[in-house]
$ cat target.cif   # mmCIF, C-alpha atoms
data_work
loop_
_atom_site.group_PDB
_atom_site.id
_atom_site.type_symbol
_atom_site.label_atom_id
_atom_site.label_comp_id
_atom_site.auth_asym_id
_atom_site.auth_seq_id
_atom_site.Cartn_x
_atom_site.Cartn_y
_atom_site.Cartn_z
ATOM 1 C CA MET D 59 76.948 113.766 103.083
ATOM 2 C CA ARG D 60 80.580 114.553 103.868
ATOM 3 C CA ALA D 61 83.287 113.498 101.417
ATOM 4 C CA MET D 62 86.920 114.176 100.536
ATOM 5 C CA ILE D 63 87.765 115.236 96.981
ATOM 6 C CA PHE D 64 90.501 116.884 94.961
ATOM 7 C CA GLU D 65 89.849 119.378 92.181
ATOM 8 C CA GLU D 66 93.425 119.539 90.886
ATOM 9 C CA LEU D 67 96.373 117.202 90.875
ATOM 10 C CA GLY D 68 99.060 117.801 93.440
ATOM 11 C CA GLY D 69 100.255 117.062 96.948
ATOM 12 C CA PRO D 70 98.152 115.838 99.862
ATOM 13 C CA GLU D 71 96.996 119.398 100.512
ATOM 14 C CA VAL D 72 94.720 119.303 97.441
ATOM 15 C CA LEU D 73 92.414 116.897 99.300
ATOM 16 C CA HIS D 74 89.623 118.812 100.979
ATOM 17 C CA PRO D 75 86.182 118.106 102.485
ATOM 18 C CA VAL D 76 82.912 118.913 100.743
ATOM 19 C CA ASP D 77 79.217 118.331 101.316
ATOM 20 C CA LEU D 78 77.552 116.347 98.534
ATOM 21 C CA PRO D 79 74.006 115.085 97.931
ATOM 22 C CA GLU D 80 73.255 111.575 99.119
ATOM 23 C CA PRO D 81 73.755 109.206 96.169
ATOM 24 C CA VAL D 82 71.024 106.914 94.849
ATOM 25 C CA PRO D 83 71.940 103.450 93.544
ATOM 26 C CA GLY D 84 71.312 102.738 89.880
ATOM 27 C CA PRO D 85 70.495 99.359 88.344
ATOM 28 C CA GLY D 86 72.891 96.710 89.604
ATOM 29 C CA GLU D 87 74.262 99.014 92.303
ATOM 30 C CA VAL D 88 74.036 99.422 96.052
ATOM 31 C CA THR D 89 74.766 102.341 98.327
ATOM 32 C CA VAL D 90 76.847 101.680 101.432
ATOM 33 C CA ASP D 91 76.909 103.725 104.626
ATOM 34 C CA VAL D 92 80.672 103.636 104.987
ATOM 35 C CA ALA D 93 82.266 102.671 108.284
ATOM 36 C CA TYR D 94 85.847 102.444 107.009
ATOM 37 C CA ALA D 95 87.587 103.173 103.718
ATOM 38 C CA GLY D 96 90.907 101.618 102.782
ATOM 39 C CA ILE D 97 93.803 103.828 101.703
ATOM 40 C CA ASN D 98 95.734 102.435 98.746
ATOM 41 C CA PHE D 99 98.808 103.644 96.905
ATOM 42 C CA ALA D 100 96.590 103.888 93.836
ATOM 43 C CA ASP D 101 94.700 106.672 95.655
ATOM 44 C CA VAL D 102 97.975 108.545 96.092
ATOM 45 C CA LEU D 103 98.838 108.106 92.412
ATOM 46 C CA ALA D 104 95.350 109.301 91.441
ATOM 47 C CA ARG D 105 95.792 112.492 93.456
ATOM 48 C CA ALA D 106 99.380 113.140 92.452
ATOM 49 C CA GLU D 107 99.480 111.968 88.822
ATOM 50 C CA GLY D 108 95.886 111.486 87.695
ATOM 51 C CA TYR D 109 96.117 107.690 87.678
ATOM 52 C CA ARG D 110 92.723 106.371 86.477
ATOM 53 C CA VAL D 111 91.151 109.804 86.949
ATOM 54 C CA ASP D 112 88.718 110.460 84.099
ATOM 55 C CA SER D 113 87.715 113.954 85.191
ATOM 56 C CA LEU D 114 87.964 116.454 88.030
ATOM 57 C CA PRO D 115 86.789 116.884 90.728
ATOM 58 C CA PHE D 116 87.543 113.343 91.838
ATOM 59 C CA ARG D 117 86.732 111.414 95.004
ATOM 60 C CA PRO D 118 89.295 108.656 95.702
ATOM 61 C CA GLY D 119 88.768 105.427 97.583
ATOM 62 C CA LEU D 120 88.759 101.910 96.103
ATOM 63 C CA GLU D 121 87.432 99.843 98.995
ATOM 64 C CA VAL D 122 84.946 100.339 101.796
ATOM 65 C CA SER D 123 83.195 98.449 104.535
ATOM 66 C CA GLY D 124 79.851 99.380 106.028
ATOM 67 C CA ARG D 125 76.143 98.629 105.866
ATOM 68 C CA ILE D 126 73.852 98.571 102.868
ATOM 69 C CA ARG D 127 71.809 101.758 102.721
ATOM 70 C CA ALA D 128 69.755 100.988 99.609
ATOM 71 C CA VAL D 129 69.761 98.625 96.637
ATOM 72 C CA GLY D 130 69.182 99.457 92.996
ATOM 73 C CA GLU D 131 66.993 97.785 90.419
ATOM 74 C CA GLY D 132 67.786 94.131 89.850
ATOM 75 C CA VAL D 133 69.826 93.668 93.038
ATOM 76 C CA THR D 134 68.533 90.713 95.038
ATOM 77 C CA ALA D 135 71.632 89.479 96.877
ATOM 78 C CA PHE D 136 71.722 92.334 99.412
ATOM 79 C CA SER D 137 69.291 94.118 101.685
ATOM 80 C CA PRO D 138 69.392 97.347 103.727
ATOM 81 C CA GLY D 139 71.342 97.060 106.964
ATOM 82 C CA GLN D 140 73.492 94.145 105.796
ATOM 83 C CA GLU D 141 77.202 94.394 106.591
ATOM 84 C CA VAL D 142 79.290 94.351 103.434
ATOM 85 C CA THR D 143 82.660 95.200 101.989
ATOM 86 C CA SER D 144 83.005 96.546 98.432
ATOM 87 C CA PHE D 145 85.652 97.061 95.783
ATOM 88 C CA ILE D 146 84.830 100.176 93.760
ATOM 89 C CA ALA D 147 86.339 102.313 91.017
ATOM 90 C CA GLY D 148 86.428 105.405 93.261
ATOM 91 C CA GLY D 149 84.333 107.365 95.722
ATOM 92 C CA GLY D 150 85.156 105.539 98.934
ATOM 93 C CA TYR D 151 86.302 108.623 100.843
ATOM 94 C CA SER D 152 82.761 109.570 101.821
ATOM 95 C CA GLN D 153 79.987 108.862 104.275
ATOM 96 C CA THR D 154 78.001 107.005 101.615
ATOM 97 C CA ALA D 155 79.472 105.232 98.595
ATOM 98 C CA VAL D 156 77.946 103.769 95.458
ATOM 99 C CA ALA D 157 79.205 100.264 94.707
ATOM 100 C CA PRO D 158 78.493 97.689 92.005
ATOM 101 C CA ALA D 159 76.612 94.793 93.531
ATOM 102 C CA ALA D 160 78.885 92.547 91.465
ATOM 103 C CA THR D 161 81.957 93.621 93.480
ATOM 104 C CA THR D 162 80.271 93.789 96.876
ATOM 105 C CA PHE D 163 80.698 90.949 99.360
ATOM 106 C CA PRO D 164 78.984 90.006 102.634
ATOM 107 C CA VAL D 165 81.341 90.454 105.578
ATOM 108 C CA PRO D 166 82.519 86.960 106.572
ATOM 109 C CA HIS D 167 81.203 85.676 109.891
ATOM 110 C CA GLY D 168 83.346 86.684 112.837
ATOM 111 C CA LEU D 169 84.989 89.719 111.222
ATOM 112 C CA ASP D 170 84.250 93.298 112.249
ATOM 113 C CA LEU D 171 83.846 96.192 109.821
ATOM 114 C CA ARG D 172 87.293 97.586 110.607
ATOM 115 C CA THR D 173 88.977 94.359 109.575
ATOM 116 C CA ALA D 174 86.593 93.909 106.650
ATOM 117 C CA ALA D 175 87.758 97.180 105.083
ATOM 118 C CA THR D 176 91.044 95.478 104.167
ATOM 119 C CA LEU D 177 89.399 92.547 102.415
ATOM 120 C CA PRO D 178 88.420 93.769 98.920
ATOM 121 C CA SER D 179 91.873 94.622 97.560
ATOM 122 C CA VAL D 180 94.687 93.226 99.704
ATOM 123 C CA LEU D 181 93.525 89.647 100.112
ATOM 124 C CA PRO D 182 92.324 88.892 96.553
ATOM 125 C CA THR D 183 95.451 90.525 95.124
ATOM 126 C CA ALA D 184 97.881 88.529 97.251
ATOM 127 C CA TYR D 185 95.926 85.310 96.734
ATOM 128 C CA ALA D 186 95.707 85.750 92.949
ATOM 129 C CA LEU D 187 99.410 86.600 92.641
ATOM 130 C CA LEU D 188 100.514 83.459 94.442
ATOM 131 C CA HIS D 189 97.904 80.891 93.486
ATOM 132 C CA ASP D 190 96.191 81.887 90.238
ATOM 133 C CA ILE D 191 99.141 83.472 88.443
ATOM 134 C CA ALA D 192 102.427 82.244 89.946
ATOM 135 C CA ARG D 193 100.908 78.796 90.692
ATOM 136 C CA LEU D 194 102.600 78.361 94.069
ATOM 137 C CA ARG D 195 103.763 74.792 94.664
ATOM 138 C CA GLU D 196 104.960 72.968 97.759
ATOM 139 C CA GLY D 197 108.626 73.762 98.314
ATOM 140 C CA ASP D 198 108.803 76.915 96.164
ATOM 141 C CA THR D 199 110.949 79.833 97.268
ATOM 142 C CA VAL D 200 109.184 83.203 97.148
ATOM 143 C CA LEU D 201 110.381 86.814 97.006
ATOM 144 C CA VAL D 202 107.960 89.673 97.765
ATOM 145 C CA HIS D 203 108.747 93.364 97.349
ATOM 146 C CA SER D 204 107.125 95.937 99.660
ATOM 147 C CA ALA D 205 106.915 93.118 102.178
ATOM 148 C CA ALA D 206 105.734 95.379 105.008
ATOM 149 C CA GLY D 207 102.871 96.901 103.026
ATOM 150 C CA GLY D 208 99.279 95.726 102.861
ATOM 151 C CA VAL D 209 99.663 93.139 100.087
ATOM 152 C CA GLY D 210 103.118 92.183 101.324
ATOM 153 C CA THR D 211 101.894 91.510 104.855
ATOM 154 C CA VAL D 212 99.283 89.081 103.540
ATOM 155 C CA ALA D 213 101.458 87.562 100.784
ATOM 156 C CA GLY D 214 104.097 86.442 103.255
ATOM 157 C CA GLN D 215 101.503 84.598 105.313
ATOM 158 C CA LEU D 216 99.780 83.078 102.268
ATOM 159 C CA ALA D 217 103.078 81.865 100.837
ATOM 160 C CA ARG D 218 103.924 80.172 104.106
ATOM 161 C CA LEU D 219 100.404 78.700 104.355
ATOM 162 C CA GLY D 220 100.695 77.456 100.759
ATOM 163 C CA GLY D 221 103.818 75.413 101.448
ATOM 164 C CA ALA D 222 106.689 77.684 100.401
ATOM 165 C CA SER D 223 110.024 76.404 101.663
ATOM 166 C CA ALA D 224 111.441 79.920 102.090
ATOM 167 C CA VAL D 225 109.853 83.363 101.918
ATOM 168 C CA TYR D 226 112.030 86.442 101.425
ATOM 169 C CA GLY D 227 110.836 90.014 101.770
ATOM 170 C CA VAL D 228 112.233 93.303 100.499
ATOM 171 C CA VAL D 229 111.674 96.566 102.386
ATOM 172 C CA SER D 230 112.861 100.135 101.946
ATOM 173 C CA SER D 231 114.074 100.463 105.540
ATOM 174 C CA PHE D 232 115.139 98.007 108.217
ATOM 175 C CA ASP D 233 112.681 99.785 110.528
ATOM 176 C CA LYS D 234 110.032 97.783 108.645
ATOM 177 C CA SER D 235 111.756 94.445 109.164
ATOM 178 C CA PRO D 236 110.043 93.487 112.455
ATOM 179 C CA HIS D 237 106.619 93.896 110.836
ATOM 180 C CA ALA D 238 107.610 91.742 107.855
ATOM 181 C CA LEU D 239 109.262 89.061 109.986
ATOM 182 C CA LYS D 240 105.987 88.642 111.882
ATOM 183 C CA SER D 241 104.195 88.068 108.589
ATOM 184 C CA GLY D 242 105.731 84.828 107.390
ATOM 185 C CA TYR D 243 109.103 86.009 106.065
ATOM 186 C CA ASP D 244 112.277 84.051 106.809
ATOM 187 C CA GLN D 245 114.625 86.881 105.854
ATOM 188 C CA VAL D 246 114.153 90.528 104.946
ATOM 189 C CA PHE D 247 116.458 92.432 102.603
ATOM 190 C CA LEU D 248 116.868 96.113 101.765
ATOM 191 C CA THR D 249 115.989 97.397 98.309
ATOM 192 C CA PRO D 250 119.521 98.558 97.313
ATOM 193 C CA THR D 251 121.072 95.106 97.853
ATOM 194 C CA PHE D 252 118.176 92.652 97.551
ATOM 195 C CA ASP D 253 119.464 90.997 94.356
ATOM 196 C CA THR D 254 122.861 90.205 95.842
ATOM 197 C CA ASP D 255 121.196 89.055 99.072
ATOM 198 C CA VAL D 256 118.737 86.780 97.247
ATOM 199 C CA LEU D 257 121.510 85.045 95.341
ATOM 200 C CA ALA D 258 123.465 84.568 98.565
ATOM 201 C CA ALA D 259 120.423 83.150 100.365
ATOM 202 C CA THR D 260 119.594 80.733 97.536
ATOM 203 C CA GLY D 261 123.100 79.574 96.716
ATOM 204 C CA GLY D 262 123.043 81.484 93.430
ATOM 205 C CA LYS D 263 119.874 79.799 92.168
ATOM 206 C CA GLY D 264 117.394 82.648 92.662
ATOM 207 C CA VAL D 265 113.744 82.337 93.659
ATOM 208 C CA ASP D 266 110.943 80.323 92.100
ATOM 209 C CA ILE D 267 108.352 83.096 92.517
ATOM 210 C CA ALA D 268 108.882 86.869 92.652
ATOM 211 C CA LEU D 269 106.179 89.507 93.159
ATOM 212 C CA ASP D 270 106.985 93.083 92.109
ATOM 213 C CA PRO D 271 104.699 96.126 92.576
ATOM 214 C CA ILE D 272 107.428 98.696 91.869
ATOM 215 C CA GLY D 273 108.517 98.337 88.230
ATOM 216 C CA GLY D 274 111.393 100.051 86.474
ATOM 217 C CA ASP D 275 114.905 99.038 87.502
ATOM 218 C CA ASN D 276 113.453 97.079 90.414
ATOM 219 C CA PHE D 277 111.621 94.835 87.944
ATOM 220 C CA ARG D 278 114.813 94.245 85.950
ATOM 221 C CA ARG D 279 116.834 93.361 89.039
ATOM 222 C CA THR D 280 114.087 91.013 90.172
ATOM 223 C CA LEU D 281 114.004 89.278 86.796
ATOM 224 C CA ALA D 282 117.740 88.672 87.162
ATOM 225 C CA VAL D 283 117.229 86.739 90.426
ATOM 226 C CA THR D 284 114.243 84.690 89.253
ATOM 227 C CA ALA D 285 115.331 81.047 89.022
ATOM 228 C CA ARG D 286 115.193 78.853 85.944
ATOM 229 C CA PHE D 287 111.533 77.946 85.302
ATOM 230 C CA GLY D 288 110.621 80.652 87.820
ATOM 231 C CA ARG D 289 107.637 83.000 87.688
ATOM 232 C CA LEU D 290 107.844 86.782 88.024
ATOM 233 C CA VAL D 291 104.563 88.657 88.479
ATOM 234 C CA SER D 292 104.316 92.436 88.095
ATOM 235 C CA PHE D 293 101.327 94.017 89.833
ATOM 236 C CA GLY D 294 102.030 97.734 89.877
ATOM 237 C CA ASN D 295 104.341 100.607 89.066
ATOM 238 C CA SER D 296 104.690 102.426 92.367
ATOM 239 C CA GLY D 297 108.063 103.767 91.254
ATOM 240 C CA SER D 298 106.335 105.639 88.372
ATOM 241 C CA ALA D 299 109.003 104.449 85.935
ATOM 242 C CA ALA D 300 108.474 103.910 82.224
ATOM 243 C CA PRO D 301 106.590 100.662 81.582
ATOM 244 C CA TRP D 302 108.888 97.651 81.500
ATOM 245 C CA GLN D 303 109.394 95.707 78.301
ATOM 246 C CA ILE D 304 110.862 92.256 77.734
ATOM 247 C CA GLY D 305 111.720 90.153 74.718
ATOM 248 C CA PRO D 306 112.724 86.592 73.873
ATOM 249 C CA SER D 307 116.302 87.109 75.009
ATOM 250 C CA ASP D 308 115.037 87.948 78.499
ATOM 251 C CA VAL D 309 112.989 84.793 78.962
ATOM 252 C CA TYR D 310 114.159 82.060 76.548
ATOM 253 C CA GLY D 311 117.585 81.450 78.065
ATOM 254 C CA PRO D 312 116.607 81.465 81.748
ATOM 255 C CA ALA D 313 113.231 79.826 80.924
ATOM 256 C CA VAL D 314 111.293 82.214 83.146
ATOM 257 C CA SER D 315 107.655 83.282 82.917
ATOM 258 C CA VAL D 316 106.666 86.933 83.298
ATOM 259 C CA SER D 317 103.058 87.957 83.882
ATOM 260 C CA GLY D 318 101.001 90.789 85.292
ATOM 261 C CA PHE D 319 97.909 91.405 87.363
ATOM 262 C CA SER D 320 95.494 94.264 88.028
ATOM 263 C CA LEU D 321 92.669 93.809 90.499
ATOM 264 C CA MET D 322 90.919 96.846 89.019
ATOM 265 C CA GLY D 323 91.171 95.289 85.593
ATOM 266 C CA LEU D 324 89.725 92.012 86.845
ATOM 267 C CA ALA D 325 86.870 93.771 88.656
ATOM 268 C CA ALA D 326 85.915 95.656 85.503
ATOM 269 C CA ALA D 327 86.247 92.762 83.063
ATOM 270 C CA ASP D 328 85.223 89.689 85.048
ATOM 271 C CA PRO D 329 83.480 90.388 88.383
ATOM 272 C CA ASP D 330 82.308 86.775 88.599
ATOM 273 C CA ARG D 331 85.928 85.605 88.616
ATOM 274 C CA LEU D 332 86.684 88.228 91.258
ATOM 275 C CA HIS D 333 83.916 86.754 93.434
ATOM 276 C CA THR D 334 85.398 83.270 93.082
ATOM 277 C CA LEU D 335 88.838 84.620 93.911
ATOM 278 C CA ALA D 336 87.554 86.619 96.883
ATOM 279 C CA ASP D 337 85.728 83.612 98.328
ATOM 280 C CA ALA D 338 88.947 81.586 98.331
ATOM 281 C CA ALA D 339 90.994 84.493 99.656
ATOM 282 C CA PHE D 340 88.561 85.281 102.475
ATOM 283 C CA ARG D 341 88.745 81.660 103.648
ATOM 284 C CA ALA D 342 92.445 82.193 104.270
ATOM 285 C CA VAL D 343 91.367 84.543 107.058
ATOM 286 C CA THR D 344 88.329 82.719 108.440
ATOM 287 C CA GLU D 345 89.831 79.228 108.184
ATOM 288 C CA GLY D 346 93.564 79.621 107.595
ATOM 289 C CA GLY D 347 94.367 82.123 110.312
ATOM 290 C CA VAL D 348 95.872 84.802 108.059
ATOM 291 C CA GLU D 349 95.996 88.089 109.965
ATOM 292 C CA LEU D 350 94.958 91.263 108.176
ATOM 293 C CA PRO D 351 97.316 94.226 108.175
ATOM 294 C CA VAL D 352 95.449 97.192 109.754
ATOM 295 C CA THR D 353 98.061 99.331 111.506
ATOM 296 C CA ALA D 354 96.520 102.807 111.694
ATOM 297 C CA GLU D 355 93.272 104.679 111.126
ATOM 298 C CA PHE D 356 92.416 108.331 110.550
ATOM 299 C CA ASP D 357 89.267 110.408 110.563
ATOM 300 C CA LEU D 358 87.836 111.123 107.121
ATOM 301 C CA GLU D 359 88.908 114.760 107.180
ATOM 302 C CA ASP D 360 92.475 113.724 108.017
ATOM 303 C CA ALA D 361 92.864 111.966 104.660
ATOM 304 C CA ALA D 362 95.640 114.378 103.625
ATOM 305 C CA GLU D 363 97.691 113.414 106.679
ATOM 306 C CA ALA D 364 97.226 109.750 105.834
ATOM 307 C CA HIS D 365 98.383 110.374 102.255
ATOM 308 C CA ARG D 366 101.496 112.161 103.543
ATOM 309 C CA LEU D 367 102.365 109.112 105.614
ATOM 310 C CA VAL D 368 101.839 106.732 102.700
ATOM 311 C CA GLU D 369 104.053 108.895 100.481
ATOM 312 C CA SER D 370 106.765 108.961 103.147
ATOM 313 C CA ARG D 371 107.080 105.189 102.688
ATOM 314 C CA THR D 372 107.571 104.815 106.430
ATOM 315 C CA THR D 373 104.279 103.060 107.126
ATOM 316 C CA THR D 374 103.634 99.341 107.472
ATOM 317 C CA GLY D 375 100.487 97.339 106.901
ATOM 318 C CA LYS D 376 97.219 98.983 105.938
ATOM 319 C CA LEU D 377 95.899 102.474 106.715
ATOM 320 C CA LEU D 378 92.170 103.169 106.969
ATOM 321 C CA LEU D 379 89.877 106.165 107.064
ATOM 322 C CA ARG D 380 87.299 105.996 109.827
ATOM 323 C CA ILE D 381 84.072 107.553 108.561
#
$ encode --input "target.cif" --output "structure tokens"
Amino acid sequence: MRAMIFEELGGPEVLHPVDLPEPVPGPGEVTVDVAYAGINFADVLARAEGYRVDSLPFRPGLEVSGRIRAVGEGVTAFSPGQEVTSFIAGGGYSQTAVAPAATTFPVPHGLDLRTAATLPSVLPTAYALLHDIARLREGDTVLVHSAAGGVGTVAGQLARLGGASAVYGVVSSFDKSPHALKSGYDQVFLTPTFDTDVLAATGGKGVDIALDPIGGDNFRRTLAVTARFGRLVSFGNSGSAAPWQIGPSDVYGPAVSVSGFSLMGLAAADPDRLHTLADAAFRAVTEGGVELPVTAEFDLEDAAEAHRLVESRTTTGKLLLRI
């Protein structure tokens, strides 16, 4: 089978195609003939910095959609030919991927495989951030960084669907504003001035919920505009800064809550909870009308080009590899 791997860390050019033997599913696993693979910033960090890379060579790719090729011992929930979407620890950039049955989901009725490739990571992440962690309530004000990205595109819609009174987005360039404004956001601010803009928009109060995938100074500035009794959720470190740290003086006075979330961590530690989360999140699409953020697709062997675009931070929505 054809796959894309890297054998050293570096720029997009280290990605290259190889021919590998067809994989065989082990106990509790399935193999999926991949139709589409999602491209995530975590894939870029894996290639560039070794994020969650145990050894080289490494095949990136955290989510796929396709059809079941074979099932391993003990797997009874799936059968060959069934359309599925899977969240995996790696290996999605290939014609066939091995996936845990525990983090594989039937494609919801009415969705095609292209759309389904965005389901495993973007939707559960955005849903968990707002509902399970930040505990979104009717009338809350919400701030979302990277508002034009995959999670941001969905989070804006989910916040609006969940009863937020105002939803503010932060983007790196105003070129991304039209995409964000179509995704549930009332106003969109630029990264250099978002804190001043948030305080102006909220009459100095700040926001009830803030979602930050960037970390570093961005996290600190976001904490400063989180309202009293507000909830700040960190779900990434795309800025590659040193891990943030907080103490009592940061949270006692303003009475704010700070928490974190990792979908990969949840998938590894509690796949049953991930299934429950995914079921609720998927209903936001099939019943709630949330639109998924596919904006571009590339052939498998053009993965390096796709990575260059992601690193340029000029893209919006979700990029896919077409296998």
$ resolve_selection --input "target.cif" --expression "the PyMOL selection byres ((chain D and resi 105-110) around 9)" --output "count of residues only"
19
$ axis_aligned_box --input "target.cif" --around "range 107-110 of chain D" --padding-each-side "5 Å" --output "AutoDock Vina command-line options"
--center_x 96.1 --center_y 109.2 --center_z 87.6 --size_x 16.8 --size_y 15.6 --size_z 12.3
$ resolve_selection --input "target.cif" --expression "the PyMOL selection byres ((chain D and resi 314) around 12)" --output "count of residues only"
31
$ atom_distance --input "target.cif" --atom1 "CA of Ser204 in chain D" --atom2 "CA of Asp255 in chain D"
15.7 Å
$ resolve_selection --input "target.cif" --expression "the PyMOL selection byres ((chain D and resi 224-240) around 9)" --output "compact mmCIF listing (two decimals) with C-alpha atoms, in the coordinates of the input"
# COMPACT_ATOMS: atom_id res chain seq x y z
CA GLY D 197 108.63 73.76 98.31
CA ASP D 198 108.80 76.92 96.16
CA THR D 199 110.95 79.83 97.27
CA VAL D 200 109.18 83.20 97.15
CA LEU D 201 110.38 86.81 97.01
CA VAL D 202 107.96 89.67 97.76
CA HIS D 203 108.75 93.36 97.35
CA SER D 204 107.12 95.94 99.66
CA ALA D 205 106.92 93.12 102.18
CA ALA D 206 105.73 95.38 105.01
CA GLY D 207 102.87 96.90 103.03
CA GLY D 210 103.12 92.18 101.32
CA THR D 211 101.89 91.51 104.86
CA GLY D 214 104.10 86.44 103.26
CA GLN D 215 101.50 84.60 105.31
CA ALA D 217 103.08 81.86 100.84
CA ARG D 218 103.92 80.17 104.11
CA GLY D 221 103.82 75.41 101.45
CA ALA D 222 106.69 77.68 100.40
CA SER D 223 110.02 76.40 101.66
CA SER D 241 104.20 88.07 108.59
CA GLY D 242 105.73 84.83 107.39
CA TYR D 243 109.10 86.01 106.06
CA ASP D 244 112.28 84.05 106.81
CA GLN D 245 114.62 86.88 105.85
CA VAL D 246 114.15 90.53 104.95
CA PHE D 247 116.46 92.43 102.60
CA LEU D 248 116.87 96.11 101.76
CA THR D 249 115.99 97.40 98.31
CA PRO D 250 119.52 98.56 97.31
CA PHE D 252 118.18 92.65 97.55
CA VAL D 256 118.74 86.78 97.25
CA VAL D 265 113.74 82.34 93.66
CA ARG D 371 107.08 105.19 102.69
CA THR D 372 107.57 104.82 106.43
CA THR D 373 104.28 103.06 107.13
CA THR D 374 103.63 99.34 107.47
CA GLY D 375 100.49 97.34 106.90
$ residues_around --input "target.cif" --residues "Val352 in chain D" --least-positions-apart "4" --cutoff "8 Å" --atoms "only C-alpha atoms" --output "ChimeraX atom specification"
/D:173,176,375-378
$ closest_residue --input "target.cif" --among "D:Ile381, D:Arg278, D:Glu369, D:Leu216" --to "Leu187 in chain D" --atoms "all atoms listed in the file"
D:Leu216
$ closest_residue --input "target.cif" --among "D:Pro301, D:Gly124, D:Gly273, D:Pro182" --to "Gly150 in chain D" --atoms "only C-alpha atoms"
D:Gly124
$ residues_around --input "target.cif" --residues "Ala135 in chain D" --least-positions-apart "3" --cutoff "12 Å" --atoms "all atoms listed in the file" --output "list in words"
Gly86, Glu87, Val88, Ile126, Ala128, Val129, Gly130, Glu131, Gly132, Pro138, Gln140, Val142, Pro158, Ala159, Ala160, Thr161, Thr162, Phe163 and Pro164 of chain D
$ write_last_selection --input "target.cif" --atoms "C-alpha atoms" --output "PDB file, keeping the file's coordinate frame"
ATOM      1  CA  GLY D  86      72.891  96.710  89.604  1.00  0.00           C
ATOM      2  CA  GLU D  87      74.262  99.014  92.303  1.00  0.00           C
ATOM      3  CA  VAL D  88      74.036  99.422  96.052  1.00  0.00           C
ATOM      4  CA  ILE D 126      73.852  98.571 102.868  1.00  0.00           C
ATOM      5  CA  ALA D 128      69.755 100.988  99.609  1.00  0.00           C
ATOM      6  CA  VAL D 129      69.761  98.625  96.637  1.00  0.00           C
ATOM      7  CA  GLY D 130      69.182  99.457  92.996  1.00  0.00           C
ATOM      8  CA  GLU D 131      66.993  97.785  90.419  1.00  0.00           C
ATOM      9  CA  GLY D 132      67.786  94.131  89.850  1.00  0.00           C
ATOM     10  CA  PRO D 138      69.392  97.347 103.727  1.00  0.00           C
ATOM     11  CA  GLN D 140      73.492  94.145 105.796  1.00  0.00           C
ATOM     12  CA  VAL D 142      79.290  94.351 103.434  1.00  0.00           C
ATOM     13  CA  PRO D 158      78.493  97.689  92.005  1.00  0.00           C
ATOM     14  CA  ALA D 159      76.612  94.793  93.531  1.00  0.00           C
ATOM     15  CA  ALA D 160      78.885  92.547  91.465  1.00  0.00           C
ATOM     16  CA  THR D 161      81.957  93.621  93.480  1.00  0.00           C
ATOM     17  CA  THR D 162      80.271  93.789  96.876  1.00  0.00           C
ATOM     18  CA  PHE D 163      80.698  90.949  99.360  1.00  0.00           C
ATOM     19  CA  PRO D 164      78.984  90.006 102.634  1.00  0.00           C
TER      20      PRO D 164
END
$ closest_residue --input "target.cif" --among "D:Val92, D:Ile63, D:Ala339, D:Leu188" --to "Leu114 in chain D" --atoms "only C-alpha atoms"
D:Ile63
$ closest_residue --input "target.cif" --among "D:Val82, D:Leu367, D:Leu181, D:Ala174" --to "Leu332 in chain D" --atoms "only C-alpha atoms"
D:Leu181
$ closest_residue --input "target.cif" --among "D:Glu345, D:Glu71, D:Glu80, D:Glu65" --to "Pro115 in chain D" --atoms "all atoms listed in the file"
D:Glu65
$ atom_distance --input "target.cif" --atom1 "CA of Trp302 in chain D" --atom2 "CA of Val212 in chain D"
25.5 Å
$ closest_residue --input "target.cif" --among "D:Gly96, D:Gly84, D:Pro166, D:Pro79" --to "Phe356 in chain D" --atoms "only C-alpha atoms"
D:Gly96
$ residues_near_point --input "target.cif" --point "(97.4, 86.2, 86.0)" --cutoff "6 Å" --atoms "all atoms listed in the file" --output "PyMOL selection string"
chain D and resi 191+318-319
$ atom_distance --input "target.cif" --atom1 "CA of Gly274 in chain D" --atom2 "CA of Asn295 in chain D"
7.5 Å
$ residues_around --input "target.cif" --residues "Pro81 in chain D" --least-positions-apart "4" --cutoff "10 Å" --atoms "only C-alpha atoms" --output "PyMOL selection string"
chain D and resi 59+88-90+128+154-156
